[in-house]
$ cat my_file14.txt   # compact mmCIF, C-alpha atoms and all ligand atoms
# COMPACT_ATOMS: atom_id res chain seq x y z
CA MET V 1 -31.74 -67.76 -64.12
CA THR V 2 -31.83 -64.05 -64.69
CA LEU V 3 -29.52 -62.11 -66.92
CA SER V 4 -27.91 -60.41 -63.95
CA GLU V 5 -27.18 -63.75 -62.35
CA ASP V 6 -25.70 -64.97 -65.62
CA SER V 7 -23.45 -61.95 -65.68
CA GLU V 8 -22.45 -62.52 -62.13
CA GLN V 9 -21.67 -66.13 -62.87
CA GLN V 10 -19.53 -65.15 -65.83
CA GLN V 11 -17.68 -62.69 -63.71
CA GLN V 12 -17.01 -65.40 -61.21
CA HIS V 13 -15.62 -67.63 -63.93
CA ASP V 14 -13.46 -64.86 -65.25
CA GLY V 15 -12.21 -64.16 -61.79
CA HIS V 16 -10.92 -67.63 -61.04
CA ALA V 17 -7.50 -67.60 -59.55
CA GLU V 18 -4.85 -69.72 -61.10
CA GLY V 19 -3.70 -72.54 -58.93
CA GLU V 20 -7.12 -74.13 -58.72
CA GLN V 21 -6.79 -77.65 -57.46
CA TYR V 22 -8.15 -81.00 -58.57
CA ALA V 23 -10.99 -81.08 -56.09
CA GLY V 24 -13.78 -78.62 -56.53
CA GLN V 25 -13.65 -78.57 -60.27
CA ALA V 26 -16.68 -80.74 -60.60
CA ALA V 27 -18.71 -78.20 -58.75
CA GLU V 28 -17.77 -75.45 -61.11
CA ALA V 29 -18.51 -77.32 -64.29
CA VAL V 30 -21.93 -78.05 -62.90
CA ALA V 31 -22.38 -74.40 -62.07
CA GLU V 32 -21.81 -73.42 -65.65
CA GLU V 33 -24.25 -75.97 -66.93
CA GLU V 34 -26.78 -75.15 -64.31
CA GLU V 35 -27.10 -71.51 -65.19
CA HIS V 36 -28.51 -72.23 -68.63
CA GLY V 37 -31.49 -74.24 -67.48
CA HIS V 38 -33.39 -76.27 -70.01
CA PRO V 39 -36.91 -77.12 -71.06
CA VAL V 40 -38.77 -80.02 -69.54
CA PRO V 41 -39.51 -82.55 -72.29
CA GLY V 42 -43.10 -82.05 -73.31
CA GLY V 43 -43.54 -79.45 -70.61
CA GLY V 44 -44.64 -75.83 -70.67
CA GLY V 45 -45.67 -72.95 -68.51
CA PRO V 46 -43.76 -71.95 -65.43
CA GLU V 47 -42.40 -75.48 -64.97
CA ALA V 48 -40.77 -75.38 -68.38
CA ARG V 49 -37.41 -75.03 -66.72
CA CYS V 50 -36.52 -77.70 -64.28
CA GLY V 51 -33.72 -79.20 -62.27
CA ARG V 52 -31.76 -82.11 -63.59
CA LEU V 53 -34.09 -84.59 -61.95
CA HIS V 54 -36.46 -84.60 -64.89
CA CYS V 55 -33.74 -85.12 -67.44
CA VAL V 56 -32.31 -88.11 -65.68
CA SER V 57 -35.65 -89.73 -65.12
CA ALA V 58 -36.32 -89.27 -68.82
CA GLY V 59 -33.48 -91.72 -69.31
CA THR V 60 -32.04 -89.94 -72.30
CA ARG V 61 -28.52 -89.83 -70.98
CA ALA V 62 -26.63 -93.07 -70.81
CA VAL V 63 -23.58 -92.88 -68.59
CA ARG V 64 -20.91 -95.58 -68.68
CA PRO V 65 -17.22 -96.09 -67.87
CA VAL V 66 -14.78 -94.58 -70.31
CA GLU V 67 -13.19 -96.92 -72.83
CA PRO V 68 -9.45 -96.77 -73.53
CA HIS V 69 -9.94 -95.47 -77.07
CA GLU V 70 -11.80 -92.49 -75.57
CA HIS V 71 -9.06 -91.42 -73.17
CA ASP V 72 -7.67 -88.83 -75.56
CA ALA V 73 -11.10 -87.37 -76.29
CA VAL V 74 -12.00 -87.12 -72.62
CA GLY V 75 -8.64 -85.55 -71.84
CA ALA V 76 -9.10 -82.99 -74.60
CA LEU V 77 -12.64 -82.18 -73.44
CA THR V 78 -11.45 -81.76 -69.87
CA VAL V 79 -8.70 -79.38 -70.89
CA GLU V 80 -11.07 -77.43 -73.15
CA VAL V 81 -13.66 -76.93 -70.42
CA TYR V 82 -11.06 -75.95 -67.88
CA ARG V 83 -9.41 -73.50 -70.24
CA ARG V 84 -12.70 -71.84 -71.15
CA ALA V 85 -13.59 -71.43 -67.51
CA GLY V 86 -10.18 -70.08 -66.58
CA TRP V 87 -9.37 -73.01 -64.31
CA SER V 88 -6.45 -74.34 -66.24
CA TYR V 89 -2.79 -73.54 -66.04
CA PRO V 90 0.22 -75.12 -67.72
CA GLU V 91 1.35 -77.30 -64.82
CA TYR V 92 -2.13 -78.69 -64.38
CA GLU V 93 -3.00 -79.55 -67.96
CA PRO V 94 -0.99 -82.78 -68.14
CA HIS V 95 -3.06 -84.05 -65.21
CA LEU V 96 -6.31 -82.96 -66.79
CA ARG V 97 -5.35 -84.72 -69.99
CA ASP V 98 -4.14 -87.93 -68.37
CA VAL V 99 -7.37 -89.89 -68.34
CA ALA V 100 -5.52 -93.20 -68.47
CA SER V 101 -3.99 -92.49 -65.09
CA ARG V 102 -7.34 -91.50 -63.59
CA ALA V 103 -8.98 -94.60 -65.00
CA GLU V 104 -6.31 -96.76 -63.36
CA THR V 105 -6.98 -95.71 -59.80
CA ALA V 106 -10.50 -94.30 -60.04
CA THR V 107 -13.57 -94.65 -62.24
CA VAL V 108 -13.99 -92.25 -65.13
CA LEU V 109 -17.56 -92.09 -66.40
CA VAL V 110 -18.64 -90.59 -69.70
CA SER V 111 -21.83 -89.46 -71.35
CA GLN V 112 -22.08 -89.94 -75.07
CA SER V 113 -24.23 -88.27 -77.72
CA GLU V 114 -24.11 -89.20 -81.39
CA GLN V 115 -20.77 -91.01 -81.14
CA GLN V 116 -19.20 -88.10 -79.26
CA VAL V 117 -18.18 -87.99 -75.63
CA VAL V 118 -20.03 -84.95 -74.29
CA GLY V 119 -19.25 -85.17 -70.61
CA ALA V 120 -17.12 -86.94 -68.03
CA ILE V 121 -16.66 -87.27 -64.29
CA THR V 122 -14.17 -89.03 -62.05
CA VAL V 123 -15.18 -90.89 -58.92
CA ALA V 124 -12.46 -92.31 -56.68
CA THR V 125 -13.86 -95.04 -54.47
CA ARG V 126 -10.71 -96.87 -53.43
CA LEU V 127 -8.55 -94.07 -52.04
CA GLY V 128 -5.48 -93.35 -54.18
CA PRO V 129 -4.15 -90.12 -55.66
CA TRP V 130 -7.55 -88.73 -56.69
CA ALA V 131 -9.14 -89.18 -53.30
CA GLU V 132 -7.71 -86.47 -51.08
CA GLN V 133 -9.56 -86.19 -47.79
CA ALA V 134 -11.10 -89.65 -48.08
CA VAL V 135 -10.63 -92.53 -45.70
CA ARG V 136 -11.46 -96.11 -46.52
CA GLY V 137 -15.13 -96.41 -47.38
CA GLU V 138 -15.41 -92.85 -48.66
CA ALA V 139 -15.59 -91.78 -52.32
CA ILE V 140 -14.44 -88.51 -53.84
CA VAL V 141 -16.19 -87.05 -56.89
CA ARG V 142 -14.30 -84.62 -59.08
CA MET V 143 -13.49 -83.27 -62.56
CA LEU V 144 -16.99 -83.10 -63.93
CA VAL V 145 -16.90 -81.60 -67.40
CA VAL V 146 -19.66 -81.06 -69.95
CA ALA V 147 -19.11 -80.04 -73.57
CA PRO V 148 -20.11 -76.37 -73.99
CA ASP V 149 -22.75 -77.13 -76.61
CA GLN V 150 -24.36 -79.77 -74.38
CA ARG V 151 -24.93 -77.68 -71.29
CA GLY V 152 -28.43 -77.48 -69.97
CA ALA V 153 -29.25 -80.96 -71.25
CA GLY V 154 -28.84 -82.82 -67.99
CA VAL V 155 -25.44 -84.29 -68.78
CA GLY V 156 -23.77 -83.08 -65.61
CA ASP V 157 -26.62 -84.21 -63.45
CA ALA V 158 -26.71 -87.68 -64.98
CA LEU V 159 -22.95 -88.01 -64.55
CA SER V 160 -23.11 -86.87 -60.92
CA ARG V 161 -25.91 -89.23 -60.05
CA THR V 162 -24.15 -92.14 -61.70
CA ALA V 163 -20.95 -91.33 -59.85
CA VAL V 164 -22.86 -91.59 -56.58
CA GLU V 165 -24.25 -94.95 -57.68
CA VAL V 166 -20.75 -96.18 -58.51
CA ALA V 167 -19.65 -95.21 -55.02
CA ARG V 168 -22.59 -97.07 -53.54
CA ALA V 169 -21.93 -100.15 -55.67
CA ASP V 170 -18.30 -100.14 -54.58
CA GLY V 171 -19.42 -100.32 -50.97
CA CYS V 172 -18.69 -96.71 -50.05
CA THR V 173 -20.73 -95.27 -47.22
CA MET V 174 -20.00 -91.60 -47.95
CA VAL V 175 -19.36 -89.42 -51.00
CA ARG V 176 -17.37 -86.23 -50.56
CA LEU V 177 -16.57 -83.36 -52.88
CA SER V 178 -15.17 -79.85 -52.71
CA SER V 179 -16.57 -76.70 -54.26
CA ARG V 180 -15.66 -73.05 -54.51
CA PRO V 181 -17.67 -70.69 -52.33
CA ASP V 182 -18.98 -68.64 -55.27
CA MET V 183 -20.48 -71.59 -57.14
CA THR V 184 -23.92 -71.21 -55.71
CA ALA V 185 -25.69 -72.90 -58.63
CA ALA V 186 -23.58 -76.01 -58.15
CA HIS V 187 -24.32 -75.94 -54.46
CA ARG V 188 -28.04 -76.01 -55.23
CA LEU V 189 -27.54 -79.02 -57.50
CA TYR V 190 -25.58 -80.89 -54.85
CA GLU V 191 -28.19 -80.07 -52.27
CA ARG V 192 -30.86 -81.48 -54.57
CA LEU V 193 -28.80 -84.66 -54.80
CA GLY V 194 -28.73 -84.81 -51.00
CA PHE V 195 -25.27 -83.40 -50.30
CA THR V 196 -24.86 -81.11 -47.31
CA ARG V 197 -22.09 -78.78 -46.24
CA THR V 198 -19.27 -80.17 -44.16
CA PRO V 199 -17.39 -77.13 -42.82
CA SER V 200 -14.76 -79.26 -41.13
CA PHE V 201 -13.70 -80.43 -44.61
CA ASP V 202 -13.22 -76.93 -46.03
CA TRP V 203 -9.66 -76.66 -47.22
CA THR V 204 -7.15 -74.61 -49.14
CA PRO V 205 -5.34 -76.66 -51.76
CA HIS V 206 -3.36 -73.62 -52.92
CA ASP V 207 -2.77 -70.14 -51.59
CA GLY V 208 -5.89 -68.07 -52.15
CA VAL V 209 -8.08 -71.00 -53.18
CA GLN V 210 -10.71 -71.86 -50.62
CA LEU V 211 -12.84 -74.92 -51.17
CA LEU V 212 -15.99 -75.88 -49.34
CA GLY V 213 -16.64 -79.45 -48.33
CA TYR V 214 -19.85 -81.25 -49.21
CA ALA V 215 -20.81 -84.81 -48.36
CA LEU V 216 -23.55 -87.32 -48.99
CA PRO V 217 -23.83 -90.23 -46.53
CA LEU V 218 -24.99 -93.39 -48.30
CA VAL V 219 -25.92 -95.26 -45.14
CA PRO V 220 -27.56 -93.92 -41.97
CA TRP V 221 -24.98 -95.27 -39.52
CA CYS V 222 -21.25 -95.26 -38.94
CA GLY V 223 -19.54 -98.52 -39.90
CA GLN V 224 -17.12 -98.24 -37.02
CA CYS V 225 -19.31 -97.37 -34.04
CA GLY V 226 -22.81 -98.08 -35.37
CA GLU V 227 -24.11 -94.68 -34.29
CA ALA V 228 -25.92 -92.25 -36.60
CA LEU V 229 -23.66 -91.03 -39.41
CA SER V 230 -23.58 -87.31 -40.12
CA PRO V 231 -22.00 -85.90 -43.30
CA GLU V 232 -19.08 -84.67 -41.22
CA GLY V 233 -18.50 -88.20 -39.99
CA HIS V 234 -16.97 -89.15 -36.64
CA ALA V 235 -13.39 -87.96 -36.48
CA ARG V 236 -12.27 -90.81 -34.26
CA CYS V 237 -14.06 -93.42 -36.37
CA ARG V 238 -12.56 -91.99 -39.56
CA SER V 239 -9.10 -92.40 -38.04
CA ALA V 240 -9.95 -95.93 -37.00
CA ALA V 241 -11.20 -96.72 -40.52
CA GLU V 242 -7.66 -96.21 -41.81
CA LEU V 243 -6.50 -99.18 -39.75
CA GLU V 244 -9.46 -101.37 -38.94
CA PRO V 245 -12.36 -102.99 -40.74
CA SER V 246 -15.89 -101.72 -40.29
CA ARG V 247 -17.61 -103.31 -37.33
CA HIS V 248 -21.17 -102.76 -38.49
CA CYS V 249 -22.67 -104.02 -41.74
CA ALA V 250 -23.36 -101.27 -44.26
CA HIS V 251 -26.60 -102.99 -45.28
CA CYS V 252 -28.20 -103.87 -41.97
CA ARG V 253 -26.06 -102.33 -39.18
CA ARG V 254 -25.50 -105.75 -37.60
CA ARG V 255 -22.30 -106.15 -35.68
CA MET V 256 -19.96 -108.14 -37.94
CA VAL V 257 -17.50 -110.90 -37.11
CA VAL V 258 -14.04 -109.55 -37.89
CA GLN V 259 -11.01 -111.75 -38.52
CA VAL V 260 -7.47 -110.73 -39.20
CA THR V 261 -5.93 -112.57 -42.14
CA PRO V 262 -2.32 -112.72 -43.37
CA THR V 263 -3.11 -110.04 -45.94
CA GLY V 264 -5.56 -107.86 -44.02
CA TRP V 265 -8.93 -108.73 -42.56
CA THR V 266 -12.41 -110.01 -43.29
CA ALA V 267 -15.67 -108.82 -41.78
CA ARG V 268 -18.70 -111.07 -42.00
CA CYS V 269 -22.36 -110.17 -41.60
CA VAL V 270 -24.54 -113.22 -40.95
CA GLU V 271 -27.01 -111.96 -43.53
CA HIS V 272 -24.93 -110.00 -46.05
CA GLY V 273 -21.78 -112.02 -46.31
CA THR V 274 -18.10 -111.27 -46.04
CA THR V 275 -16.18 -108.11 -46.85
CA THR V 276 -12.46 -108.47 -47.44
CA SER V 277 -9.88 -105.73 -47.04
ZN ZN L 301 -18.65 -93.64 -35.61
ZN ZN L 302 -25.75 -107.10 -42.97
$ encode --input "my_file14.txt" --output "C-alpha cells"
Amino acid sequence: MTLSEDSEQQQQHDGHAEGEQYAGQAAEAVAEEEEHGHPVPGGGGPEARCGRLHCVSAGTRAVRPVEPHEHDAVGALTVEVYRRAGWSYPEYEPHLRDVASRAETATVLVSQSEQQVVGAITVATRLGPWAEQAVRGEAIVRMLVVAPDQRGAGVGDALSRTAVEVARADGCTMVRLSSRPDMTAAHRLYERLGFTRTPSFDWTPHDGVQLLGYALPLVPWCGQCGEALSPEGHARCRSAAELEPSRHCAHCRRRMVVQVTPTGWTARCVEHGTTTS
C-alpha cells in the first residue's frame, strides 16, 4: 500500500464518528491490519507482499475459542483497539469489555502468540443479541481485533477464516457482516474470502453511521425453497426460516421429512440424518 493510501486510511480512522455500532467493527480492524501488508515467508521479489491466504496456509496462527481466564485480556484488547481507532465511546466500552457475555451467546475466537492473546473475533451462529440482521441458519461475524504490534502477520485473516468455519460447523448456510463504506481494504479482504455486497442489508445503526452489508453463502441453495441461494437471500424464505424448519438438506439439497415435536421440529435427510430445532 502506498504512503498516500496509508495517510488516507489514517484520516478515515481519525474521522470516525462516535456512535459506531457493534456490527461493522470487524471490517475496520481488518482494514487497519491490511494496510501494513507483510512479507511472504521465504518469498521475495514483487510477490513479497501477499494477501492473508499465504499466512493462513502457512499454519502459523492457531485460532481457538477463548477460555474464561482470558476474558479480561480479550476485553482489554478490544477496548484498546477500538480506542486507538476512534471507534469507542463511554457507553459502548462496557459491551466491548464484556467478553463473558459474548461467549455465552456467541463464539469468541482468539489467536495467541507467546502466551499472549493477540487477536479476537466474535461469531454469532445461534441468533441472540450479537446477531442483528440474522435469521435462523445465518451467522454474524463481528468485533475482530488485532493487537497493534501484530498487524500484518495474518492474525485477522486467520480469525476471519476460522469464524467462517465455525459458522459452517454449526450448520449455518450464510455468514453476514457489516462494514463502513470507507474501509476499502477490508472490503478487498472479504471479497478474497468470498463475501459479496448485499445492498439490501445496508443499514444505519446510529444517526450518521452507514454500514454496508456483506454476505458469504456456505451452501449453493436455499434451505427453504431449494432454489439457488444468492448472498442477499430470498426475503420470503428468510421470513419463513424464523418459523419453520429448512425443507432442503444443507448437505445434499434433498427434500427433508419434517415433523413437528412438542418442543419444536425435526427435519430428516435420508442420507445426512436429523436436524432438531
Ligand atoms: Zn428460498
Ligand atoms: Zn442430505
$ residues_near_ligand --input "my_file14.txt" --ligand "ligand ZN 301 (chain L)" --cutoff "8 Å" --atoms "only C-alpha atoms and all ligand atoms" --output "VMD selection string"
chain V and resid 221 to 229 233 to 238
$ residues_around --input "my_file14.txt" --residues "Val141 in chain V" --least-positions-apart "5" --cutoff "9 Å" --atoms "all atoms listed in the file" --output "NGL selection string"
:V and (23-24 or 26 or 121-125 or 130-131 or 160 or 163-164 or 175-178)
$ closest_atom_pairs --input "my_file14.txt" --of "chain V" --to "ligand ZN 302 (chain L)" --cutoff "9 Å" --atoms "only C-alpha atoms and all ligand atoms" --output "Markdown table"
| residue | atom | partner | partner_atom | distance |
| --- | --- | --- | --- | --- |
| V:His248 | CA | L:ZN302 | ZN | 7.7 |
| V:Cys249 | CA | L:ZN302 | ZN | 4.5 |
| V:Ala250 | CA | L:ZN302 | ZN | 6.4 |
| V:His251 | CA | L:ZN302 | ZN | 4.8 |
| V:Cys252 | CA | L:ZN302 | ZN | 4.2 |
| V:Arg253 | CA | L:ZN302 | ZN | 6.1 |
| V:Arg254 | CA | L:ZN302 | ZN | 5.5 |
| V:Arg255 | CA | L:ZN302 | ZN | 8.1 |
| V:Met256 | CA | L:ZN302 | ZN | 7.7 |
| V:Arg268 | CA | L:ZN302 | ZN | 8.1 |
| V:Cys269 | CA | L:ZN302 | ZN | 4.8 |
| V:Val270 | CA | L:ZN302 | ZN | 6.6 |
| V:Glu271 | CA | L:ZN302 | ZN | 5.1 |
| V:His272 | CA | L:ZN302 | ZN | 4.3 |
| V:Gly273 | CA | L:ZN302 | ZN | 7.2 |
$ atom_distance --input "my_file14.txt" --atom1 "CA of Pro68 in chain V" --atom2 "CA of Arg126 in chain V"
20.1 Å
$ closest_residue --input "my_file14.txt" --among "V:Ala147, V:Ser246, V:Asp157, V:Ser111" --to "Arg192 in chain V" --atoms "only C-alpha atoms"
V:Asp157
$ residues_near_point --input "my_file14.txt" --point "(-2.2, -91.0, -63.9)" --cutoff "12 Å" --atoms "all atoms listed in the file" --output "list in words"
His71, Gly75, Pro94, His95, Leu96, Arg97, Asp98, Val99, Ala100, Ser101, Arg102, Ala103, Glu104, Thr105, Ala106, Val108, Gly128, Pro129 and Trp130 of chain V
$ write_last_selection --input "my_file14.txt" --atoms "C-alpha atoms" --output "PDB file, in the frame of the given file"
ATOM      1  CA  HIS V  71      -9.060 -91.420 -73.170  1.00  0.00           C
ATOM      2  CA  GLY V  75      -8.640 -85.550 -71.840  1.00  0.00           C
ATOM      3  CA  PRO V  94      -0.990 -82.780 -68.140  1.00  0.00           C
ATOM      4  CA  HIS V  95      -3.060 -84.050 -65.210  1.00  0.00           C
ATOM      5  CA  LEU V  96      -6.310 -82.960 -66.790  1.00  0.00           C
ATOM      6  CA  ARG V  97      -5.350 -84.720 -69.990  1.00  0.00           C
ATOM      7  CA  ASP V  98      -4.140 -87.930 -68.370  1.00  0.00           C
ATOM      8  CA  VAL V  99      -7.370 -89.890 -68.340  1.00  0.00           C
ATOM      9  CA  ALA V 100      -5.520 -93.200 -68.470  1.00  0.00           C
ATOM     10  CA  SER V 101      -3.990 -92.490 -65.090  1.00  0.00           C
ATOM     11  CA  ARG V 102      -7.340 -91.500 -63.590  1.00  0.00           C
ATOM     12  CA  ALA V 103      -8.980 -94.600 -65.000  1.00  0.00           C
ATOM     13  CA  GLU V 104      -6.310 -96.760 -63.360  1.00  0.00           C
ATOM     14  CA  THR V 105      -6.980 -95.710 -59.800  1.00  0.00           C
ATOM     15  CA  ALA V 106     -10.500 -94.300 -60.040  1.00  0.00           C
ATOM     16  CA  VAL V 108     -13.990 -92.250 -65.130  1.00  0.00           C
ATOM     17  CA  GLY V 128      -5.480 -93.350 -54.180  1.00  0.00           C
ATOM     18  CA  PRO V 129      -4.150 -90.120 -55.660  1.00  0.00           C
ATOM     19  CA  TRP V 130      -7.550 -88.730 -56.690  1.00  0.00           C
TER      20      TRP V 130
END
$ closest_residue --input "my_file14.txt" --among "V:Thr78, V:Thr276, V:Thr107, V:Ser239" --to "Gln133 in chain V" --atoms "all atoms listed in the file"
V:Ser239
$ closest_residue --input "my_file14.txt" --among "V:Ile140, V:Val257, V:Val117, V:Leu212" --to "Val66 in chain V" --atoms "all atoms listed in the file"
V:Val117
$ atom_distance --input "my_file14.txt" --atom1 "CA of Glu132 in chain V" --atom2 "CA of Ala241 in chain V"
15.1 Å
$ closest_residue --input "my_file14.txt" --among "V:Ser230, V:Thr162, V:Ser88, V:Thr263" --to "Thr196 in chain V" --atoms "all atoms listed in the file"
V:Ser230
$ atom_distance --input "my_file14.txt" --atom1 "CA of Gly171 in chain V" --atom2 "CA of Thr266 in chain V"
14.2 Å
$ residues_around --input "my_file14.txt" --residues "Gln112 in chain V" --least-positions-apart "2" --cutoff "12 Å" --atoms "only C-alpha atoms" --output "list in words"
Thr60, Arg61, Ala62, Val63, Arg64, Pro65, Val66, Glu67, Glu70, Ala73, Val74, Leu109, Val110, Glu114, Gln115, Gln116, Val117, Val118, Gly119, Ala120, Val146, Ala147, Gln150, Val155, Gly156, Ala158 and Leu159 of chain V
$ closest_residue --input "my_file14.txt" --among "V:Gly264, V:Ala240, V:Gly137, V:His187" --to "Ala169 in chain V" --atoms "all atoms listed in the file"
V:Gly137
